[in-house]
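Asker: Mind having a look at this structure? Questions to follow.
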Amino acid sequence: MVTYLDKQPAIIAVMGATGVGKSSFINSASGHRLAVGHALDSCTQEIQEVRMEWGKEKTPVLLVDTPGFGGSSMSDTEVLRLIAKYLVTSAGTKLAGVIYMHRISDSKVEGGTRRNFRMFQQLCGSEHLQQVVVVTTWWDQVNKQVAEQRERQLRESEALFKPMLNGGASLVRHEMLQDNGYSSAQSVLDHLFLPRVAINVKLQTQLVVEKKPLPATDAGSIISDDLTRKAKQCVSRLVEVHEGLKRTKDLAIWLSLEAERKDLQEEKKAFRKQIKALSKTLNERFVL
Ligand SMILES: Nc1nc2c(ncn2[C@@H]2O[C@H](COP(=O)(O)OP(=O)(O)OP(=O)(O)O)[C@@H](O)[C@H]2O)c(=O)[nH]1
Ligand SMILES: [Mg+2]
């Protein structure tokens with residue numbers, strides 16, 4: 001087991017869907033002023049590193065802010081590529097821990113949220129889960145009883161956090177009401193500093209040791225399978241629309257089908273572009 005040295009910063013990656021509060025959490029923990037989002041659009045578009053010192057021993061820490069999955073201004077492919085590249089180049093060696101943030105104010109855990117979490121699970125793997133903390137945010141926006149009920153569901157659902165928690169991960173709350181969330185953020189970090197070990201996540205092992213291309217890694221294949229499925233759906237709907245255009249004699253129907261055809265062509269182009277971008281990493285060499 002590798003322990004990190006006092007002089008080397010302990011690297012902690014912060015991940016999660018767009019808008020959950022990753023940059024805000026890093027600001028709370030470190031006193032920095034990273035840009036935070038104002039709209040539904042994703043805010044952070046690059047990997048950002050923030051240095052801070054932790055605890056009485058002033059352990060140097062590098063908090064790594066990542067762009068969120070599920071935003072409209074960056075595709076999941078771009079986000080995963082950035083994270084993958086960081087994990088095998090800049091972070092290079094080992095991580096002190098990984099934080100996954102989830103917004104407790106979301107009334108339903110929908111498909112997109114489940115998918116993001118599945119991707120995160122695949123990125124982490126099932127080893128070293130004691131170095132993973134799932135952090136719930138936005139407690140101030142929900143009635144406490146409702147939020148606690150949701151927290152229980154997150155903890156107990158096999159499709160959500162239960163498998164990771166059983167494997168040793170922690171589920172903790174981050175509340176920003178007092179001292180801009182500073183003490184809450186410090187206690188989140190406590191969960192990662194008690195074991196004092198440094199780890200590689202599964203994505204690093206698959207890219208560096210097993211030399212897999214990104215789309216063939218477990219996290220990459222979630223995106224790649226998803227894109228392929230959506231592209232196929234798009235193509236089969238296009239075939240139906242073409243048939244409809246040939247057959248219809250009704251002008252209003254023809255116009256609406258023609259508008260749909262144009263949209264579908266654009267969608268098809270966008271999926272192809274993303275599939276190409278993900279496969280581009282096939283020829284990339286990630287070097288430690
Ligand atoms: N009410 C409330 N708002 C929060 C909380 N955490 C973050 N926010 C707000 O949510 C918005 C998005 O926060 P960010 O920190 O930019 O979220 P992010 O996860 O970094 O988002 P991306 O960079 O787009 O991935 C900002 O307006 C924050 O002020 C919270 O606990 N409660
Ligand atoms: Mg951000």
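A note on labels: chains of the structure tokens are A, B, ... as shown, every chain counts residues from 1, and ligands are counted from 1 in their shown order.
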Name all residues at most 10 Å from Gly55 (chain A) (count only C-alpha atoms; drop same-chain ones fewer than 5 positions away) and give them as JSON, numbers by chain.

Answerer: {"A": [60, 186, 189, 190, 193]}

Asker: Within 8 Å of ligand 2, counting only C-alpha atoms and all ligand atoms: which residues, as a short mmCIF file (atom, residue, chain, number, x, y, z; two decimals) with N, CA, C and O atoms, in the first residue's frame?

Answerer:
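So result_23.cif came out as:
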data_model
loop_
_atom_site.label_atom_id
_atom_site.label_comp_id
_atom_site.auth_asym_id
_atom_site.auth_seq_id
_atom_site.Cartn_x
_atom_site.Cartn_y
_atom_site.Cartn_z
N THR A 18 -23.32 18.17 -13.66
CA THR A 18 -23.20 19.64 -13.72
C THR A 18 -24.17 20.30 -12.72
O THR A 18 -25.29 19.82 -12.52
N GLY A 19 -23.69 21.35 -12.06
CA GLY A 19 -24.55 22.13 -11.17
C GLY A 19 -24.75 21.56 -9.78
O GLY A 19 -25.49 22.14 -8.98
N GLY A 21 -22.56 21.41 -7.43
CA GLY A 21 -21.84 22.23 -6.45
C GLY A 21 -20.39 21.82 -6.23
O GLY A 21 -19.84 22.04 -5.16
N LYS A 22 -19.75 21.28 -7.26
CA LYS A 22 -18.35 20.83 -7.13
C LYS A 22 -17.42 22.03 -6.89
O LYS A 22 -16.62 22.03 -5.96
N SER A 23 -17.54 23.04 -7.76
CA SER A 23 -16.65 24.21 -7.62
C SER A 23 -16.97 24.93 -6.31
O SER A 23 -16.06 25.39 -5.61
N SER A 24 -18.26 25.01 -5.95
CA SER A 24 -18.64 25.68 -4.70
C SER A 24 -18.02 24.95 -3.51
O SER A 24 -17.54 25.56 -2.57
N LEU A 34 -13.22 29.91 -7.28
CA LEU A 34 -13.45 29.35 -8.61
C LEU A 34 -14.80 29.84 -9.10
O LEU A 34 -15.70 30.08 -8.28
N ALA A 35 -14.94 29.97 -10.42
CA ALA A 35 -16.24 30.41 -10.95
C ALA A 35 -17.30 29.37 -10.67
O ALA A 35 -17.04 28.16 -10.80
N VAL A 36 -18.46 29.81 -10.23
CA VAL A 36 -19.58 28.88 -10.05
C VAL A 36 -20.70 29.24 -11.01
O VAL A 36 -20.78 30.37 -11.48
N GLY A 37 -21.56 28.26 -11.30
CA GLY A 37 -22.58 28.43 -12.32
C GLY A 37 -23.74 29.32 -11.88
O GLY A 37 -24.03 29.42 -10.69
N SER A 42 -23.53 24.08 -18.03
CA SER A 42 -22.35 23.73 -17.25
C SER A 42 -21.40 24.92 -17.15
O SER A 42 -21.28 25.71 -18.08
N CYS A 43 -20.74 25.04 -16.02
CA CYS A 43 -19.90 26.21 -15.77
C CYS A 43 -18.42 25.86 -15.97
O CYS A 43 -17.74 26.44 -16.79
N THR A 44 -17.93 24.90 -15.19
CA THR A 44 -16.51 24.53 -15.31
C THR A 44 -16.31 23.74 -16.59
O THR A 44 -17.01 22.77 -16.85
N GLN A 45 -15.34 24.20 -17.41
CA GLN A 45 -15.15 23.50 -18.69
C GLN A 45 -13.74 22.94 -18.82
O GLN A 45 -13.38 22.41 -19.87
N ASP A 65 -10.95 20.13 -9.55
CA ASP A 65 -12.33 20.40 -9.99
C ASP A 65 -12.48 19.86 -11.41
O ASP A 65 -11.62 20.09 -12.26
N THR A 66 -13.57 19.16 -11.66
CA THR A 66 -13.78 18.60 -13.00
C THR A 66 -15.08 19.14 -13.58
O THR A 66 -15.98 19.51 -12.84
N PRO A 67 -15.18 19.20 -14.91
CA PRO A 67 -16.46 19.60 -15.50
C PRO A 67 -17.50 18.53 -15.21
O PRO A 67 -17.16 17.35 -15.10
N GLY A 68 -18.76 18.93 -15.09
CA GLY A 68 -19.81 17.97 -14.74
C GLY A 68 -20.35 17.22 -15.95
O GLY A 68 -20.39 17.77 -17.05
#

Asker: Name the closest residue to Thr228 (chain A) among the candidates A:Lys268, A:Arg51, A:Arg118, A:Lys85; distances are taken between atoms, counting only C-alpha atoms.

Answerer: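 Distance minimum relative to Thr228 (chain A) lands on A:Lys268.
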
Asker: From a DSSP calculation on the backbone, collect every residue of region 107-283 of chain A in strand (DSSP E) and output the set as a list in words.

Answerer: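 Answer for region 107-283 of chain A, restricted to strand (DSSP E): Val132, Val133, Val134, Val135, Thr136, Thr137, Ser170, Leu171, Val172 and Arg173 of chain A.
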
Asker: For Leu257 (chain A), please output as a PyMOL selection string all residues within 12 Å (counting only C-alpha atoms; exclusion window: fewer than 4 positions along the same chain).

Answerer: chain A and resi 237-253+261-264

Asker: Just to confirm, what's the straight-line distance from CA of Ser170 (chain A) to atom 11 (C, counted along the ligand's line) of ligand 1 in Å (one decimal)?

Answerer: 23.5 Å

Asker: At a cut-off of 12 Å, using only C-alpha atoms, what residues contact His128 (chain A)? Leave out same-chain residues fewer than 6 positions from it and give the result as a ChimeraX atom specification.

Answerer: /A:1-2,94-98,121,164-170,192,195-202

Asker: Let's see if you can do this: from backbone DSSP, list all helix (DSSP H, G or I) residues in region 25-268 of chain A, as JSON, numbers by chain.

Answerer: {"A": [25, 26, 27, 28, 29, 30, 76, 77, 78, 79, 80, 81, 82, 83, 84, 85, 86, 87, 88, 111, 112, 113, 114, 115, 116, 117, 118, 119, 120, 121, 122, 123, 124, 129, 130, 131, 139, 140, 141, 144, 145, 146, 147, 148, 149, 150, 151, 152, 153, 154, 155, 156, 162, 163, 164, 165, 166, 179, 180, 181, 182, 183, 184, 185, 186, 187, 188, 189, 190, 191, 192, 193, 202, 203, 204, 205, 206, 207, 208, 209, 214, 215, 216, 218, 219, 220, 221, 222, 223, 224, 225, 226, 227, 228, 229, 230, 231, 232, 233, 234, 235, 236, 237, 238, 239, 240, 241, 242, 243, 244, 245, 246, 247, 251, 252, 253, 254, 255, 256, 257, 258, 259, 260, 261, 262, 263, 264, 265, 266, 267, 268]}

Asker: Could you give me, as a count of residues only, the residues within 10 Å of Gln141 (chain A), counting only C-alpha atoms and dropping anything in the same chain fewer than 6 positions from it?

Answerer: 5

Asker: Phe161 (chain A): which residues within 12 Å, counting only C-alpha atoms, same-chain residues fewer than 6 positions away excluded, as a list of chain:residue names?

Answerer: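 Selected residues are A:Tyr100, A:Met101, A:His102, A:Val109, A:Thr113, A:Arg114, A:Phe117, A:Arg118, A:Phe120, A:Gln121, A:Leu129, A:Val132, A:Val133, A:Val134, A:Val135, A:Thr136, A:Arg150, A:Glu151, A:Arg152, A:Gln153, A:Leu154, A:Arg155, A:Gly167, A:Gly168, A:Ala169, A:Ser170, A:Leu171, A:Val172.
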
Asker: Export, as an mmCIF file, in the first residue's frame, the selected residues with N, CA, C and O atoms.

Answerer:
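Listed below is the output, selection.cif:
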data_model
loop_
_atom_site.group_PDB
_atom_site.id
_atom_site.type_symbol
_atom_site.label_atom_id
_atom_site.label_comp_id
_atom_site.auth_asym_id
_atom_site.auth_seq_id
_atom_site.Cartn_x
_atom_site.Cartn_y
_atom_site.Cartn_z
ATOM 1 N N TYR A 100 -17.603 12.212 -4.990
ATOM 2 C CA TYR A 100 -18.684 12.262 -5.976
ATOM 3 C C TYR A 100 -19.835 13.035 -5.369
ATOM 4 O O TYR A 100 -20.335 12.678 -4.296
ATOM 5 N N MET A 101 -20.268 14.112 -6.027
ATOM 6 C CA MET A 101 -21.308 14.963 -5.437
ATOM 7 C C MET A 101 -22.677 14.696 -6.073
ATOM 8 O O MET A 101 -22.782 14.490 -7.281
ATOM 9 N N HIS A 102 -23.689 14.725 -5.223
ATOM 10 C CA HIS A 102 -25.065 14.459 -5.669
ATOM 11 C C HIS A 102 -26.003 15.468 -4.993
ATOM 12 O O HIS A 102 -25.896 15.703 -3.791
ATOM 13 N N VAL A 109 -34.462 10.510 -8.822
ATOM 14 C CA VAL A 109 -33.163 10.143 -9.395
ATOM 15 C C VAL A 109 -33.460 9.572 -10.768
ATOM 16 O O VAL A 109 -33.909 8.452 -10.913
ATOM 17 N N THR A 113 -29.098 10.930 -14.069
ATOM 18 C CA THR A 113 -28.377 10.884 -12.793
ATOM 19 C C THR A 113 -27.852 9.480 -12.524
ATOM 20 O O THR A 113 -26.708 9.287 -12.116
ATOM 21 N N ARG A 114 -28.687 8.476 -12.801
ATOM 22 C CA ARG A 114 -28.266 7.079 -12.609
ATOM 23 C C ARG A 114 -27.083 6.759 -13.506
ATOM 24 O O ARG A 114 -26.132 6.095 -13.110
ATOM 25 N N PHE A 117 -23.892 8.272 -12.324
ATOM 26 C CA PHE A 117 -23.354 7.559 -11.181
ATOM 27 C C PHE A 117 -22.759 6.219 -11.614
ATOM 28 O O PHE A 117 -21.707 5.807 -11.132
ATOM 29 N N ARG A 118 -23.423 5.568 -12.574
ATOM 30 C CA ARG A 118 -22.897 4.296 -13.093
ATOM 31 C C ARG A 118 -21.514 4.520 -13.709
ATOM 32 O O ARG A 118 -20.580 3.753 -13.513
ATOM 33 N N PHE A 120 -19.451 6.896 -12.947
ATOM 34 C CA PHE A 120 -18.513 7.154 -11.850
ATOM 35 C C PHE A 120 -18.091 5.830 -11.203
ATOM 36 O O PHE A 120 -16.914 5.606 -10.935
ATOM 37 N N GLN A 121 -19.065 4.938 -10.987
ATOM 38 C CA GLN A 121 -18.745 3.629 -10.384
ATOM 39 C C GLN A 121 -17.750 2.871 -11.246
ATOM 40 O O GLN A 121 -16.808 2.275 -10.748
ATOM 41 N N LEU A 129 -12.461 1.462 -2.139
ATOM 42 C CA LEU A 129 -13.630 2.336 -1.979
ATOM 43 C C LEU A 129 -13.601 3.117 -0.671
ATOM 44 O O LEU A 129 -14.352 4.085 -0.517
ATOM 45 N N VAL A 132 -13.305 6.724 -1.262
ATOM 46 C CA VAL A 132 -14.353 7.395 -2.046
ATOM 47 C C VAL A 132 -15.417 7.954 -1.101
ATOM 48 O O VAL A 132 -15.877 7.249 -0.202
ATOM 49 N N VAL A 133 -15.766 9.221 -1.301
ATOM 50 C CA VAL A 133 -16.836 9.813 -0.495
ATOM 51 C C VAL A 133 -17.931 10.331 -1.420
ATOM 52 O O VAL A 133 -17.655 11.100 -2.350
ATOM 53 N N VAL A 134 -19.145 9.870 -1.188
ATOM 54 C CA VAL A 134 -20.292 10.407 -1.917
ATOM 55 C C VAL A 134 -20.843 11.540 -1.057
ATOM 56 O O VAL A 134 -21.165 11.338 0.122
ATOM 57 N N VAL A 135 -20.921 12.737 -1.632
ATOM 58 C CA VAL A 135 -21.316 13.916 -0.855
ATOM 59 C C VAL A 135 -22.643 14.445 -1.381
ATOM 60 O O VAL A 135 -22.773 14.712 -2.584
ATOM 61 N N THR A 136 -23.610 14.599 -0.491
ATOM 62 C CA THR A 136 -24.882 15.180 -0.925
ATOM 63 C C THR A 136 -24.860 16.691 -0.647
ATOM 64 O O THR A 136 -24.354 17.135 0.378
ATOM 65 N N ARG A 150 -34.886 10.855 1.221
ATOM 66 C CA ARG A 150 -34.144 10.642 -0.028
ATOM 67 C C ARG A 150 -32.763 10.064 0.251
ATOM 68 O O ARG A 150 -32.280 9.193 -0.465
ATOM 69 N N GLU A 151 -32.166 10.555 1.318
ATOM 70 C CA GLU A 151 -30.817 10.074 1.674
ATOM 71 C C GLU A 151 -30.865 8.566 1.975
ATOM 72 O O GLU A 151 -29.988 7.811 1.576
ATOM 73 N N ARG A 152 -31.955 8.146 2.691
ATOM 74 C CA ARG A 152 -32.113 6.716 3.004
ATOM 75 C C ARG A 152 -32.232 5.896 1.711
ATOM 76 O O ARG A 152 -31.617 4.859 1.564
ATOM 77 N N GLN A 153 -33.010 6.453 0.747
ATOM 78 C CA GLN A 153 -33.165 5.729 -0.527
ATOM 79 C C GLN A 153 -31.814 5.592 -1.230
ATOM 80 O O GLN A 153 -31.476 4.546 -1.765
ATOM 81 N N LEU A 154 -31.041 6.677 -1.220
ATOM 82 C CA LEU A 154 -29.730 6.642 -1.880
ATOM 83 C C LEU A 154 -28.841 5.580 -1.241
ATOM 84 O O LEU A 154 -28.119 4.866 -1.905
ATOM 85 N N ARG A 155 -28.953 5.514 0.097
ATOM 86 C CA ARG A 155 -28.116 4.588 0.863
ATOM 87 C C ARG A 155 -28.540 3.129 0.657
ATOM 88 O O ARG A 155 -27.712 2.232 0.636
ATOM 89 N N GLY A 167 -18.992 -1.484 -0.133
ATOM 90 C CA GLY A 167 -17.574 -1.712 -0.439
ATOM 91 C C GLY A 167 -16.636 -0.823 0.350
ATOM 92 O O GLY A 167 -15.418 -0.912 0.183
ATOM 93 N N GLY A 168 -17.179 0.082 1.164
ATOM 94 C CA GLY A 168 -16.295 0.881 2.022
ATOM 95 C C GLY A 168 -16.374 2.390 1.806
ATOM 96 O O GLY A 168 -15.739 3.165 2.529
ATOM 97 N N ALA A 169 -17.145 2.842 0.782
ATOM 98 C CA ALA A 169 -17.266 4.290 0.555
ATOM 99 C C ALA A 169 -18.135 4.923 1.651
ATOM 100 O O ALA A 169 -18.879 4.221 2.344
ATOM 101 N N SER A 170 -18.035 6.229 1.821
ATOM 102 C CA SER A 170 -18.867 6.925 2.811
ATOM 103 C C SER A 170 -19.897 7.792 2.093
ATOM 104 O O SER A 170 -19.659 8.258 0.980
ATOM 105 N N LEU A 171 -21.020 8.019 2.763
ATOM 106 C CA LEU A 171 -22.033 8.952 2.251
ATOM 107 C C LEU A 171 -22.143 10.066 3.276
ATOM 108 O O LEU A 171 -22.504 9.818 4.429
ATOM 109 N N VAL A 172 -21.791 11.296 2.905
ATOM 110 C CA VAL A 172 -21.824 12.390 3.874
ATOM 111 C C VAL A 172 -22.529 13.616 3.299
ATOM 112 O O VAL A 172 -22.625 13.787 2.087
#

Asker: May I ask which of the residues A:His38, A:Lys162, A:His174, A:Lys276 is the closest one to Asp140 (chain A), counting only C-alpha atoms?

Answerer: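 Smallest distance to Asp140 (chain A) is found for A:His174.
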
Asker: For a test of reading the model, state the distance in Å between CA of Ala219 (chain A) and CA of Asn27 (chain A), rounded to one decimal.

Answerer: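 According to the coordinates, CA of Ala219 (chain A) and CA of Asn27 (chain A) are separated by 27.7 Å.
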